[in-house]
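> My file is final_20.pdb. It has PDB, C-alpha atoms:
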ATOM      1  CA  MET A   1    -117.084 -70.758 -39.446  1.00  0.00           C
ATOM      2  CA  PHE A   2    -114.021 -72.165 -37.719  1.00  0.00           C
ATOM      3  CA  THR A   3    -112.315 -75.523 -37.830  1.00  0.00           C
ATOM      4  CA  THR A   4    -111.123 -77.102 -34.600  1.00  0.00           C
ATOM      5  CA  THR A   5    -107.798 -78.884 -34.360  1.00  0.00           C
ATOM      6  CA  THR A   6    -106.036 -80.783 -31.625  1.00  0.00           C
ATOM      7  CA  SER A   7    -104.135 -78.581 -29.216  1.00  0.00           C
ATOM      8  CA  THR A   8    -100.399 -79.137 -28.990  1.00  0.00           C
ATOM      9  CA  PRO A   9     -98.424 -78.443 -25.806  1.00  0.00           C
ATOM     10  CA  VAL A  10     -95.438 -76.652 -27.342  1.00  0.00           C
ATOM     11  CA  LEU A  11     -95.458 -73.488 -29.435  1.00  0.00           C
ATOM     12  CA  ASP A  12     -94.174 -73.642 -32.995  1.00  0.00           C
ATOM     13  CA  ALA A  13     -91.153 -71.529 -33.846  1.00  0.00           C
ATOM     14  CA  ARG A  14     -92.451 -67.997 -34.193  1.00  0.00           C
ATOM     15  CA  THR A  15     -92.370 -66.075 -37.393  1.00  0.00           C
ATOM     16  CA  ALA A  16     -92.658 -62.749 -35.616  1.00  0.00           C
ATOM     17  CA  ARG A  17     -90.967 -61.031 -32.722  1.00  0.00           C
ATOM     18  CA  PRO A  18     -93.147 -60.126 -29.717  1.00  0.00           C
ATOM     19  CA  SER A  19     -94.912 -56.795 -30.077  1.00  0.00           C
ATOM     20  CA  PRO A  20     -95.099 -54.060 -27.459  1.00  0.00           C
ATOM     21  CA  ALA A  21     -98.603 -55.324 -26.741  1.00  0.00           C
ATOM     22  CA  SER A  22     -97.475 -58.860 -25.988  1.00  0.00           C
ATOM     23  CA  VAL A  23     -93.897 -58.240 -24.752  1.00  0.00           C
ATOM     24  CA  SER A  24     -91.781 -61.304 -23.979  1.00  0.00           C
ATOM     25  CA  ALA A  25     -94.105 -62.777 -21.354  1.00  0.00           C
ATOM     26  CA  ASP A  26     -96.173 -65.713 -22.531  1.00  0.00           C
ATOM     27  CA  PRO A  27     -98.709 -67.254 -20.130  1.00  0.00           C
ATOM     28  CA  PHE A  28     -99.348 -70.036 -22.647  1.00  0.00           C
ATOM     29  CA  GLN A  29     -95.813 -71.336 -22.147  1.00  0.00           C
ATOM     30  CA  THR A  30     -96.499 -71.590 -18.429  1.00  0.00           C
ATOM     31  CA  ILE A  31     -99.974 -73.113 -18.597  1.00  0.00           C
ATOM     32  CA  ASP A  32     -98.660 -75.848 -20.902  1.00  0.00           C
ATOM     33  CA  HIS A  33     -96.886 -77.170 -17.803  1.00  0.00           C
ATOM     34  CA  ILE A  34     -99.760 -76.880 -15.322  1.00  0.00           C
ATOM     35  CA  GLY A  35    -102.384 -78.791 -17.269  1.00  0.00           C
ATOM     36  CA  LEU A  36    -104.927 -76.148 -18.317  1.00  0.00           C
ATOM     37  CA  ALA A  37    -107.104 -77.073 -21.297  1.00  0.00           C
ATOM     38  CA  VAL A  38    -106.032 -75.163 -24.406  1.00  0.00           C
ATOM     39  CA  THR A  39    -108.046 -75.297 -27.633  1.00  0.00           C
ATOM     40  CA  GLU A  40    -106.966 -74.346 -31.139  1.00  0.00           C
ATOM     41  CA  PHE A  41    -109.142 -73.074 -34.001  1.00  0.00           C
ATOM     42  CA  ARG A  42    -108.512 -72.103 -37.580  1.00  0.00           C
ATOM     43  CA  TYR A  43    -110.143 -68.945 -38.924  1.00  0.00           C
ATOM     44  CA  ARG A  44    -110.435 -67.920 -42.535  1.00  0.00           C
ATOM     45  CA  ARG A  45    -109.570 -64.441 -43.771  1.00  0.00           C
ATOM     46  CA  ASP A  46    -111.988 -61.776 -42.491  1.00  0.00           C
ATOM     47  CA  GLU A  47    -113.660 -64.260 -40.141  1.00  0.00           C
ATOM     48  CA  GLU A  48    -114.655 -62.866 -36.755  1.00  0.00           C
ATOM     49  CA  ILE A  49    -112.988 -64.339 -33.678  1.00  0.00           C
ATOM     50  CA  TYR A  50    -115.049 -62.346 -31.200  1.00  0.00           C
ATOM     51  CA  GLY A  51    -117.277 -59.284 -31.440  1.00  0.00           C
ATOM     52  CA  GLU A  52    -117.590 -56.041 -29.575  1.00  0.00           C
ATOM     53  CA  ASP A  53    -119.708 -56.387 -26.405  1.00  0.00           C
ATOM     54  CA  GLU A  54    -119.486 -60.185 -26.477  1.00  0.00           C
ATOM     55  CA  PRO A  55    -118.545 -61.873 -23.184  1.00  0.00           C
ATOM     56  CA  ALA A  56    -114.778 -61.910 -22.636  1.00  0.00           C
ATOM     57  CA  GLU A  57    -114.602 -65.596 -21.732  1.00  0.00           C
ATOM     58  CA  TYR A  58    -111.285 -66.519 -23.338  1.00  0.00           C
ATOM     59  CA  VAL A  59    -107.716 -65.280 -23.778  1.00  0.00           C
ATOM     60  CA  TYR A  60    -106.156 -65.921 -27.182  1.00  0.00           C
ATOM     61  CA  GLN A  61    -102.769 -66.386 -28.809  1.00  0.00           C
ATOM     62  CA  VAL A  62    -101.929 -66.212 -32.523  1.00  0.00           C
ATOM     63  CA  ARG A  63    -100.155 -69.350 -33.735  1.00  0.00           C
ATOM     64  CA  SER A  64     -99.945 -68.343 -37.413  1.00  0.00           C
ATOM     65  CA  GLY A  65    -101.491 -65.656 -39.589  1.00  0.00           C
ATOM     66  CA  ALA A  66    -102.554 -62.289 -38.171  1.00  0.00           C
ATOM     67  CA  VAL A  67    -105.482 -60.662 -36.353  1.00  0.00           C
ATOM     68  CA  ARG A  68    -106.795 -57.096 -36.219  1.00  0.00           C
ATOM     69  CA  SER A  69    -108.697 -55.601 -33.274  1.00  0.00           C
ATOM     70  CA  TYR A  70    -110.983 -52.719 -34.193  1.00  0.00           C
ATOM     71  CA  LYS A  71    -113.998 -50.627 -33.303  1.00  0.00           C
ATOM     72  CA  LEU A  72    -116.684 -49.406 -35.703  1.00  0.00           C
ATOM     73  CA  LEU A  73    -117.594 -45.782 -35.135  1.00  0.00           C
ATOM     74  CA  SER A  74    -121.158 -44.490 -35.293  1.00  0.00           C
ATOM     75  CA  ASP A  75    -120.655 -43.161 -38.835  1.00  0.00           C
ATOM     76  CA  GLY A  76    -119.390 -46.516 -40.112  1.00  0.00           C
ATOM     77  CA  ARG A  77    -115.691 -45.715 -40.019  1.00  0.00           C
ATOM     78  CA  ARG A  78    -113.369 -48.367 -38.640  1.00  0.00           C
ATOM     79  CA  GLN A  79    -110.546 -47.665 -36.189  1.00  0.00           C
ATOM     80  CA  ILE A  80    -108.056 -50.496 -35.827  1.00  0.00           C
ATOM     81  CA  GLY A  81    -106.445 -50.495 -32.411  1.00  0.00           C
ATOM     82  CA  ALA A  82    -103.831 -53.226 -32.835  1.00  0.00           C
ATOM     83  CA  PHE A  83    -102.450 -55.913 -35.100  1.00  0.00           C
ATOM     84  CA  HIS A  84    -101.703 -59.269 -33.471  1.00  0.00           C
ATOM     85  CA  LEU A  85     -98.962 -61.360 -35.082  1.00  0.00           C
ATOM     86  CA  PRO A  86     -97.718 -64.909 -34.353  1.00  0.00           C
ATOM     87  CA  GLY A  87     -96.871 -65.290 -30.679  1.00  0.00           C
ATOM     88  CA  ASP A  88     -99.012 -62.323 -29.583  1.00  0.00           C
ATOM     89  CA  VAL A  89    -101.573 -62.774 -26.814  1.00  0.00           C
ATOM     90  CA  PHE A  90    -104.822 -60.810 -27.178  1.00  0.00           C
ATOM     91  CA  GLY A  91    -108.376 -60.613 -25.837  1.00  0.00           C
ATOM     92  CA  LEU A  92    -107.306 -60.031 -22.226  1.00  0.00           C
ATOM     93  CA  ALA A  93    -110.202 -57.684 -21.440  1.00  0.00           C
ATOM     94  CA  SER A  94    -110.348 -55.414 -18.401  1.00  0.00           C
ATOM     95  CA  GLY A  95    -114.098 -55.915 -18.015  1.00  0.00           C
ATOM     96  CA  GLU A  96    -116.629 -58.654 -18.576  1.00  0.00           C
ATOM     97  CA  VAL A  97    -117.100 -57.932 -22.299  1.00  0.00           C
ATOM     98  CA  HIS A  98    -114.824 -57.155 -25.229  1.00  0.00           C
ATOM     99  CA  ARG A  99    -114.615 -53.495 -26.197  1.00  0.00           C
ATOM    100  CA  LEU A 100    -113.289 -54.289 -29.670  1.00  0.00           C
ATOM    101  CA  THR A 101    -113.952 -56.805 -32.430  1.00  0.00           C
ATOM    102  CA  ALA A 102    -111.189 -59.225 -33.437  1.00  0.00           C
ATOM    103  CA  GLU A 103    -110.963 -60.613 -36.984  1.00  0.00           C
ATOM    104  CA  ALA A 104    -108.500 -62.787 -38.842  1.00  0.00           C
ATOM    105  CA  ILE A 105    -106.593 -60.761 -41.440  1.00  0.00           C
ATOM    106  CA  ALA A 106    -105.501 -63.887 -43.307  1.00  0.00           C
ATOM    107  CA  ASP A 107    -106.010 -67.601 -42.765  1.00  0.00           C
ATOM    108  CA  THR A 108    -105.066 -67.799 -39.104  1.00  0.00           C
ATOM    109  CA  ARG A 109    -104.559 -70.356 -36.363  1.00  0.00           C
ATOM    110  CA  VAL A 110    -105.462 -69.195 -32.862  1.00  0.00           C
ATOM    111  CA  ARG A 111    -105.377 -71.066 -29.609  1.00  0.00           C
ATOM    112  CA  PHE A 112    -107.199 -69.983 -26.488  1.00  0.00           C
ATOM    113  CA  VAL A 113    -107.819 -70.777 -22.846  1.00  0.00           C
ATOM    114  CA  ARG A 114    -110.729 -69.893 -20.588  1.00  0.00           C
ATOM    115  CA  ARG A 115    -110.117 -66.573 -18.874  1.00  0.00           C
ATOM    116  CA  GLU A 116    -111.506 -67.905 -15.603  1.00  0.00           C
ATOM    117  CA  SER A 117    -109.078 -70.837 -15.674  1.00  0.00           C
ATOM    118  CA  LEU A 118    -106.197 -68.479 -16.429  1.00  0.00           C
ATOM    119  CA  GLU A 119    -107.147 -66.204 -13.538  1.00  0.00           C
ATOM    120  CA  HIS A 120    -107.292 -69.167 -11.155  1.00  0.00           C
ATOM    121  CA  ALA A 121    -103.908 -70.323 -12.444  1.00  0.00           C
ATOM    122  CA  ALA A 122    -102.491 -66.857 -11.763  1.00  0.00           C
ATOM    123  CA  GLU A 123    -103.612 -67.140  -8.150  1.00  0.00           C
ATOM    124  CA  ARG A 124    -101.607 -70.357  -7.782  1.00  0.00           C
ATOM    125  CA  ASP A 125     -98.641 -69.742 -10.070  1.00  0.00           C
ATOM    126  CA  ALA A 126     -96.503 -66.610  -9.857  1.00  0.00           C
ATOM    127  CA  GLY A 127     -95.191 -67.165 -13.387  1.00  0.00           C
ATOM    128  CA  VAL A 128     -98.681 -66.928 -14.872  1.00  0.00           C
ATOM    129  CA  ALA A 129     -99.434 -63.846 -12.776  1.00  0.00           C
ATOM    130  CA  ARG A 130     -96.241 -62.114 -13.951  1.00  0.00           C
ATOM    131  CA  SER A 131     -97.050 -62.958 -17.565  1.00  0.00           C
ATOM    132  CA  LEU A 132    -100.534 -61.482 -17.316  1.00  0.00           C
ATOM    133  CA  TRP A 133     -99.195 -58.356 -15.635  1.00  0.00           C
ATOM    134  CA  ALA A 134     -96.536 -57.912 -18.317  1.00  0.00           C
ATOM    135  CA  ILE A 135     -99.129 -58.293 -21.085  1.00  0.00           C
ATOM    136  CA  THR A 136    -101.424 -55.745 -19.417  1.00  0.00           C
ATOM    137  CA  ALA A 137     -98.567 -53.267 -19.019  1.00  0.00           C
ATOM    138  CA  GLY A 138     -97.534 -53.795 -22.643  1.00  0.00           C
ATOM    139  CA  ASP A 139    -101.091 -53.224 -23.849  1.00  0.00           C
ATOM    140  CA  LEU A 140    -101.180 -49.950 -21.927  1.00  0.00           C
ATOM    141  CA  ARG A 141     -97.893 -48.771 -23.455  1.00  0.00           C
ATOM    142  CA  HIS A 142     -99.141 -49.633 -26.919  1.00  0.00           C
ATOM    143  CA  ALA A 143    -102.413 -47.744 -26.315  1.00  0.00           C
ATOM    144  CA  GLU A 144    -100.499 -44.666 -25.117  1.00  0.00           C
ATOM    145  CA  ASP A 145     -98.175 -44.740 -28.132  1.00  0.00           C
ATOM    146  CA  HIS A 146    -101.104 -45.192 -30.498  1.00  0.00           C
ATOM    147  CA  MET A 147    -102.996 -42.290 -28.897  1.00  0.00           C
ATOM    148  CA  LEU A 148     -99.969 -40.027 -29.419  1.00  0.00           C
ATOM    149  CA  LEU A 149     -99.609 -41.197 -33.010  1.00  0.00           C
ATOM    150  CA  LEU A 150    -103.259 -40.464 -33.842  1.00  0.00           C
ATOM    151  CA  GLY A 151    -103.424 -37.167 -31.971  1.00  0.00           C
ATOM    152  CA  ARG A 152    -100.150 -35.421 -32.720  1.00  0.00           C
ATOM    153  CA  LYS A 153     -98.289 -36.878 -35.692  1.00  0.00           C
ATOM    154  CA  THR A 154     -98.435 -35.970 -39.362  1.00  0.00           C
ATOM    155  CA  ALA A 155     -99.309 -38.492 -42.066  1.00  0.00           C
ATOM    156  CA  THR A 156     -95.632 -39.042 -42.892  1.00  0.00           C
ATOM    157  CA  GLU A 157     -94.755 -39.501 -39.221  1.00  0.00           C
ATOM    158  CA  ARG A 158     -97.602 -42.003 -38.793  1.00  0.00           C
ATOM    159  CA  VAL A 159     -96.553 -44.105 -41.772  1.00  0.00           C
ATOM    160  CA  ALA A 160     -92.919 -43.994 -40.618  1.00  0.00           C
ATOM    161  CA  ALA A 161     -93.987 -45.120 -37.133  1.00  0.00           C
ATOM    162  CA  PHE A 162     -95.993 -47.999 -38.592  1.00  0.00           C
ATOM    163  CA  LEU A 163     -93.091 -49.188 -40.765  1.00  0.00           C
ATOM    164  CA  LEU A 164     -90.723 -49.089 -37.794  1.00  0.00           C
ATOM    165  CA  GLU A 165     -93.217 -50.993 -35.661  1.00  0.00           C
ATOM    166  CA  MET A 166     -93.530 -53.729 -38.283  1.00  0.00           C
ATOM    167  CA  ASP A 167     -89.747 -53.731 -38.722  1.00  0.00           C
ATOM    168  CA  ARG A 168     -89.391 -54.505 -34.994  1.00  0.00           C
ATOM    169  CA  ARG A 169     -92.057 -57.173 -34.962  1.00  0.00           C
ATOM    170  CA  LEU A 170     -91.637 -59.083 -38.205  1.00  0.00           C
ATOM    171  CA  ALA A 171     -88.862 -61.658 -38.353  1.00  0.00           C
ATOM    172  CA  SER A 172     -87.211 -60.882 -41.704  1.00  0.00           C
ATOM    173  CA  ALA A 173     -84.627 -58.111 -41.508  1.00  0.00           C
ATOM    174  CA  LYS A 174     -84.502 -57.593 -45.281  1.00  0.00           C
ATOM    175  CA  MET A 175     -88.155 -57.523 -46.322  1.00  0.00           C
ATOM    176  CA  LEU A 176     -91.417 -56.648 -44.585  1.00  0.00           C
ATOM    177  CA  ALA A 177     -94.058 -59.160 -45.666  1.00  0.00           C
ATOM    178  CA  LEU A 178     -97.102 -57.306 -44.383  1.00  0.00           C
ATOM    179  CA  PRO A 179    -100.175 -59.476 -43.707  1.00  0.00           C
ATOM    180  CA  MET A 180    -102.463 -56.446 -43.623  1.00  0.00           C
ATOM    181  CA  SER A 181    -103.798 -54.433 -46.564  1.00  0.00           C
ATOM    182  CA  ARG A 182    -103.269 -50.731 -47.114  1.00  0.00           C
ATOM    183  CA  ARG A 183    -106.889 -50.221 -46.058  1.00  0.00           C
ATOM    184  CA  ASP A 184    -106.020 -51.887 -42.743  1.00  0.00           C
ATOM    185  CA  ILE A 185    -102.947 -49.677 -42.398  1.00  0.00           C
ATOM    186  CA  ALA A 186    -105.045 -46.580 -43.100  1.00  0.00           C
ATOM    187  CA  ASP A 187    -107.629 -47.560 -40.482  1.00  0.00           C
ATOM    188  CA  TYR A 188    -104.845 -48.216 -37.968  1.00  0.00           C
ATOM    189  CA  LEU A 189    -103.178 -44.848 -38.605  1.00  0.00           C
ATOM    190  CA  GLY A 190    -106.387 -42.804 -38.845  1.00  0.00           C
ATOM    191  CA  LEU A 191    -105.650 -41.839 -42.455  1.00  0.00           C
ATOM    192  CA  THR A 192    -107.352 -42.327 -45.791  1.00  0.00           C
ATOM    193  CA  LEU A 193    -106.284 -45.096 -48.124  1.00  0.00           C
ATOM    194  CA  GLU A 194    -105.175 -42.480 -50.640  1.00  0.00           C
ATOM    195  CA  THR A 195    -102.966 -40.720 -48.074  1.00  0.00           C
ATOM    196  CA  VAL A 196    -101.240 -43.970 -47.084  1.00  0.00           C
ATOM    197  CA  SER A 197    -100.588 -44.892 -50.725  1.00  0.00           C
ATOM    198  CA  ARG A 198     -99.316 -41.393 -51.555  1.00  0.00           C
ATOM    199  CA  THR A 199     -97.026 -41.312 -48.506  1.00  0.00           C
ATOM    200  CA  LEU A 200     -95.549 -44.726 -49.329  1.00  0.00           C
ATOM    201  CA  SER A 201     -94.935 -43.564 -52.896  1.00  0.00           C
ATOM    202  CA  GLN A 202     -93.187 -40.434 -51.597  1.00  0.00           C
ATOM    203  CA  LEU A 203     -90.958 -42.526 -49.324  1.00  0.00           C
ATOM    204  CA  HIS A 204     -90.133 -44.745 -52.288  1.00  0.00           C
ATOM    205  CA  ALA A 205     -89.230 -41.711 -54.398  1.00  0.00           C
ATOM    206  CA  GLN A 206     -86.950 -40.504 -51.611  1.00  0.00           C
ATOM    207  CA  GLY A 207     -85.121 -43.851 -51.540  1.00  0.00           C
ATOM    208  CA  VAL A 208     -86.361 -44.735 -48.054  1.00  0.00           C
ATOM    209  CA  LEU A 209     -88.050 -47.953 -49.178  1.00  0.00           C
ATOM    210  CA  ASP A 210     -88.606 -50.225 -52.146  1.00  0.00           C
ATOM    211  CA  PHE A 211     -91.610 -52.301 -53.173  1.00  0.00           C
ATOM    212  CA  ALA A 212     -91.451 -55.971 -54.091  1.00  0.00           C
ATOM    213  CA  GLY A 213     -95.183 -56.545 -54.480  1.00  0.00           C
ATOM    214  CA  ALA A 214     -98.286 -55.003 -52.954  1.00  0.00           C
ATOM    215  CA  ARG A 215     -97.434 -56.060 -49.396  1.00  0.00           C
ATOM    216  CA  HIS A 216     -93.667 -56.609 -49.529  1.00  0.00           C
ATOM    217  CA  ILE A 217     -91.569 -53.604 -48.553  1.00  0.00           C
ATOM    218  CA  ALA A 218     -87.799 -53.369 -48.216  1.00  0.00           C
ATOM    219  CA  LEU A 219     -86.593 -50.617 -45.884  1.00  0.00           C
ATOM    220  CA  ARG A 220     -83.553 -48.936 -47.414  1.00  0.00           C
ATOM    221  CA  ASN A 221     -83.032 -46.076 -44.972  1.00  0.00           C
ATOM    222  CA  ARG A 222     -84.167 -46.795 -41.424  1.00  0.00           C
ATOM    223  CA  HIS A 223     -82.294 -43.749 -40.159  1.00  0.00           C
ATOM    224  CA  SER A 224     -84.582 -41.487 -42.193  1.00  0.00           C
ATOM    225  CA  LEU A 225     -87.644 -43.265 -40.818  1.00  0.00           C
ATOM    226  CA  HIS A 226     -86.401 -42.779 -37.259  1.00  0.00           C
ATOM    227  CA  ARG A 227     -85.833 -39.057 -37.928  1.00  0.00           C
ATOM    228  CA  MET A 228     -89.372 -38.747 -39.297  1.00  0.00           C
ATOM    229  CA  ASN A 229     -90.743 -40.509 -36.220  1.00  0.00           C
ATOM    230  CA  ALA A 230     -88.697 -38.529 -33.684  1.00  0.00           C
TER
END
Re-express the file's structure as structure tokens.

Amino acid sequence: MFTTTTSTPVLDARTARPSPASVSADPFQTIDHIGLAVTEFRYRRDEEIYGEDEPAEYVYQVRSGAVRSYKLLSDGRRQIGAFHLPGDVFGLASGEVHRLTAEAIADTRVRFVRRESLEHAAERDAGVARSLWAITAGDLRHAEDHMLLLGRKTATERVAAFLLEMDRRLASAKMLALPMSRRDIADYLGLTLETVSRTLSQLHAQGVLDFAGARHIALRNRHSLHRMNA
């Protein structure tokens, strides 16, 4: 279940940099000034925000916490397509229904606006239209990069790519405080949990990274990670 809160017109200071999927464009900043109704909900960890094949009636933005978008395969395996961090916009479907399921990774605040209202606003306001176009283009780039990662890269290259992605997106330059579990990382990279854990241990042994808890990682040698991901 979710808890509704009063919508506020100005975004909080973000704790994450925009991802490739959200880029710098933010339609929510624009619609705050044109009077569209924006609602905010709180979701608990592992709570579903929307399901696969449900009507794509809303467009969402993460205020705090984190969200994963994934698809369950016919054999029960889960493929995570993207992680959405604070400031990211998600749920902008190309069709009438969602192709993926979105769940809160941790306790998460999400605000959303009706897709129909956003589309009408884009017809009237060039700023909203540019924001939606930039988000769509960013989503496409992310999908292309993820397809290459899953189809052509080794386990070490995939883990290196993930760490560099989180390094770009998370605010702290010294420590990666990952909201997602290693199981989530494995399902994002198309690897087993054991392979992810073993690869992280190997990178630690090589002096590339250090651990400061289960989900806190300090990158000691970004140059090595970039060479692995080249």
> Pull out every residue that the PyMOL selection byres ((chain A and resi 118-130) around 9) matches in the shown coordinates and put them as a ChimeraX atom specification.
/A:25-31,34,36,58-59,113-117,131-135
> For CA of Gly65 (chain A) and CA of Arg111 (chain A), quote the distance in Å rounded to one decimal.
12.0 Å
> Rank A:Tyr188, A:Tyr43, A:Leu148, A:Arg168 by their smallest atom-to-atom distance to Ser69 (chain A), using all atoms listed in the file, and report the top residue only.
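Checking each of A:Tyr188, A:Tyr43, A:Leu148, A:Arg168 against Ser69 (chain A), counting all atoms listed in the file, the winner is A:Tyr188.
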> Return as a short mmCIF file (atom, residue, chain, number, x, y, z; two decimals) with C-alpha atoms, in the coordinates of the input the set of residues that the PyMOL selection byres ((chain A and resi 91) around 9) yields on the displayed structure.

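File produced: selection17.cif:
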data_model
loop_
_atom_site.label_atom_id
_atom_site.label_comp_id
_atom_site.auth_asym_id
_atom_site.auth_seq_id
_atom_site.Cartn_x
_atom_site.Cartn_y
_atom_site.Cartn_z
CA TYR A 50 -115.05 -62.35 -31.20
CA ALA A 56 -114.78 -61.91 -22.64
CA GLU A 57 -114.60 -65.60 -21.73
CA TYR A 58 -111.28 -66.52 -23.34
CA VAL A 59 -107.72 -65.28 -23.78
CA TYR A 60 -106.16 -65.92 -27.18
CA GLN A 61 -102.77 -66.39 -28.81
CA SER A 69 -108.70 -55.60 -33.27
CA VAL A 89 -101.57 -62.77 -26.81
CA PHE A 90 -104.82 -60.81 -27.18
CA LEU A 92 -107.31 -60.03 -22.23
CA ALA A 93 -110.20 -57.68 -21.44
CA HIS A 98 -114.82 -57.16 -25.23
CA LEU A 100 -113.29 -54.29 -29.67
CA ALA A 102 -111.19 -59.22 -33.44
#
> With only C-alpha atoms as the basis for distance, which of A:Asp139, A:Asp75, A:Glu47, A:Asp145 is at the shortest distance from Thr101 (chain A)?
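The answer is A:Glu47, which sits nearest to Thr101 (chain A).
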> One decimal, Å: what's the distance from CA of Val97 (chain A) over to CA of Tyr70 (chain A), could you say?
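The value is 14.4 Å.
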> Report, in Å with one decimal, the straight-line distance from CA of Arg99 (chain A) to CA of Leu150 (chain A).
18.9 Å
> Run through the PyMOL selection byres ((chain A and resi 110) around 12) on the given coordinates and return the selected residues as a VMD selection string.
chain A and resid 2 to 8 11 28 38 to 44 48 to 50 58 to 67 84 to 91 102 to 104 106 to 109 111 to 113
> Write a file of the just-selected residues containing C-alpha atoms, as a compact mmCIF listing (two decimals), in the coordinates of the input.

# COMPACT_ATOMS: atom_id res chain seq x y z
CA PHE A 2 -114.02 -72.17 -37.72
CA THR A 3 -112.32 -75.52 -37.83
CA THR A 4 -111.12 -77.10 -34.60
CA THR A 5 -107.80 -78.88 -34.36
CA THR A 6 -106.04 -80.78 -31.62
CA SER A 7 -104.14 -78.58 -29.22
CA THR A 8 -100.40 -79.14 -28.99
CA LEU A 11 -95.46 -73.49 -29.44
CA PHE A 28 -99.35 -70.04 -22.65
CA VAL A 38 -106.03 -75.16 -24.41
CA THR A 39 -108.05 -75.30 -27.63
CA GLU A 40 -106.97 -74.35 -31.14
CA PHE A 41 -109.14 -73.07 -34.00
CA ARG A 42 -108.51 -72.10 -37.58
CA TYR A 43 -110.14 -68.94 -38.92
CA ARG A 44 -110.44 -67.92 -42.54
CA GLU A 48 -114.66 -62.87 -36.76
CA ILE A 49 -112.99 -64.34 -33.68
CA TYR A 50 -115.05 -62.35 -31.20
CA TYR A 58 -111.28 -66.52 -23.34
CA VAL A 59 -107.72 -65.28 -23.78
CA TYR A 60 -106.16 -65.92 -27.18
CA GLN A 61 -102.77 -66.39 -28.81
CA VAL A 62 -101.93 -66.21 -32.52
CA ARG A 63 -100.16 -69.35 -33.74
CA SER A 64 -99.94 -68.34 -37.41
CA GLY A 65 -101.49 -65.66 -39.59
CA ALA A 66 -102.55 -62.29 -38.17
CA VAL A 67 -105.48 -60.66 -36.35
CA HIS A 84 -101.70 -59.27 -33.47
CA LEU A 85 -98.96 -61.36 -35.08
CA PRO A 86 -97.72 -64.91 -34.35
CA GLY A 87 -96.87 -65.29 -30.68
CA ASP A 88 -99.01 -62.32 -29.58
CA VAL A 89 -101.57 -62.77 -26.81
CA PHE A 90 -104.82 -60.81 -27.18
CA GLY A 91 -108.38 -60.61 -25.84
CA ALA A 102 -111.19 -59.22 -33.44
CA GLU A 103 -110.96 -60.61 -36.98
CA ALA A 104 -108.50 -62.79 -38.84
CA ALA A 106 -105.50 -63.89 -43.31
CA ASP A 107 -106.01 -67.60 -42.76
CA THR A 108 -105.07 -67.80 -39.10
CA ARG A 109 -104.56 -70.36 -36.36
CA ARG A 111 -105.38 -71.07 -29.61
CA PHE A 112 -107.20 -69.98 -26.49
CA VAL A 113 -107.82 -70.78 -22.85
> Of the candidates A:Leu72, A:Ala186, A:Ala82, A:Met175, which one gets nearest to Leu200 (chain A) if we count all atoms listed in the file?
A:Ala186
> When distances are computed from all atoms listed in the file, which of A:Ser74, A:Ser181, A:Thr199, A:Gln206 shows the smallest separation from Thr156 (chain A)?
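Among A:Ser74, A:Ser181, A:Thr199, A:Gln206, it is A:Thr199 that comes nearest to Thr156 (chain A).
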> Measuring atom to atom with all atoms listed in the file, identify which of A:Leu176, A:Ala137, A:Ile105, A:Met147 is nearest to Leu219 (chain A).
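Smallest separation from Leu219 (chain A) among the options: A:Leu176.
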> Write out as a compact mmCIF listing (two decimals) with C-alpha atoms, in the coordinates of the input the residues lying within 8 Å of Ala177 (chain A), counting only C-alpha atoms and excluding same-chain residues fewer than 6 positions away.

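Contents of the output file around.txt:
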# COMPACT_ATOMS: atom_id res chain seq x y z
CA LEU A 170 -91.64 -59.08 -38.20
CA ARG A 215 -97.43 -56.06 -49.40
CA HIS A 216 -93.67 -56.61 -49.53
CA ILE A 217 -91.57 -53.60 -48.55
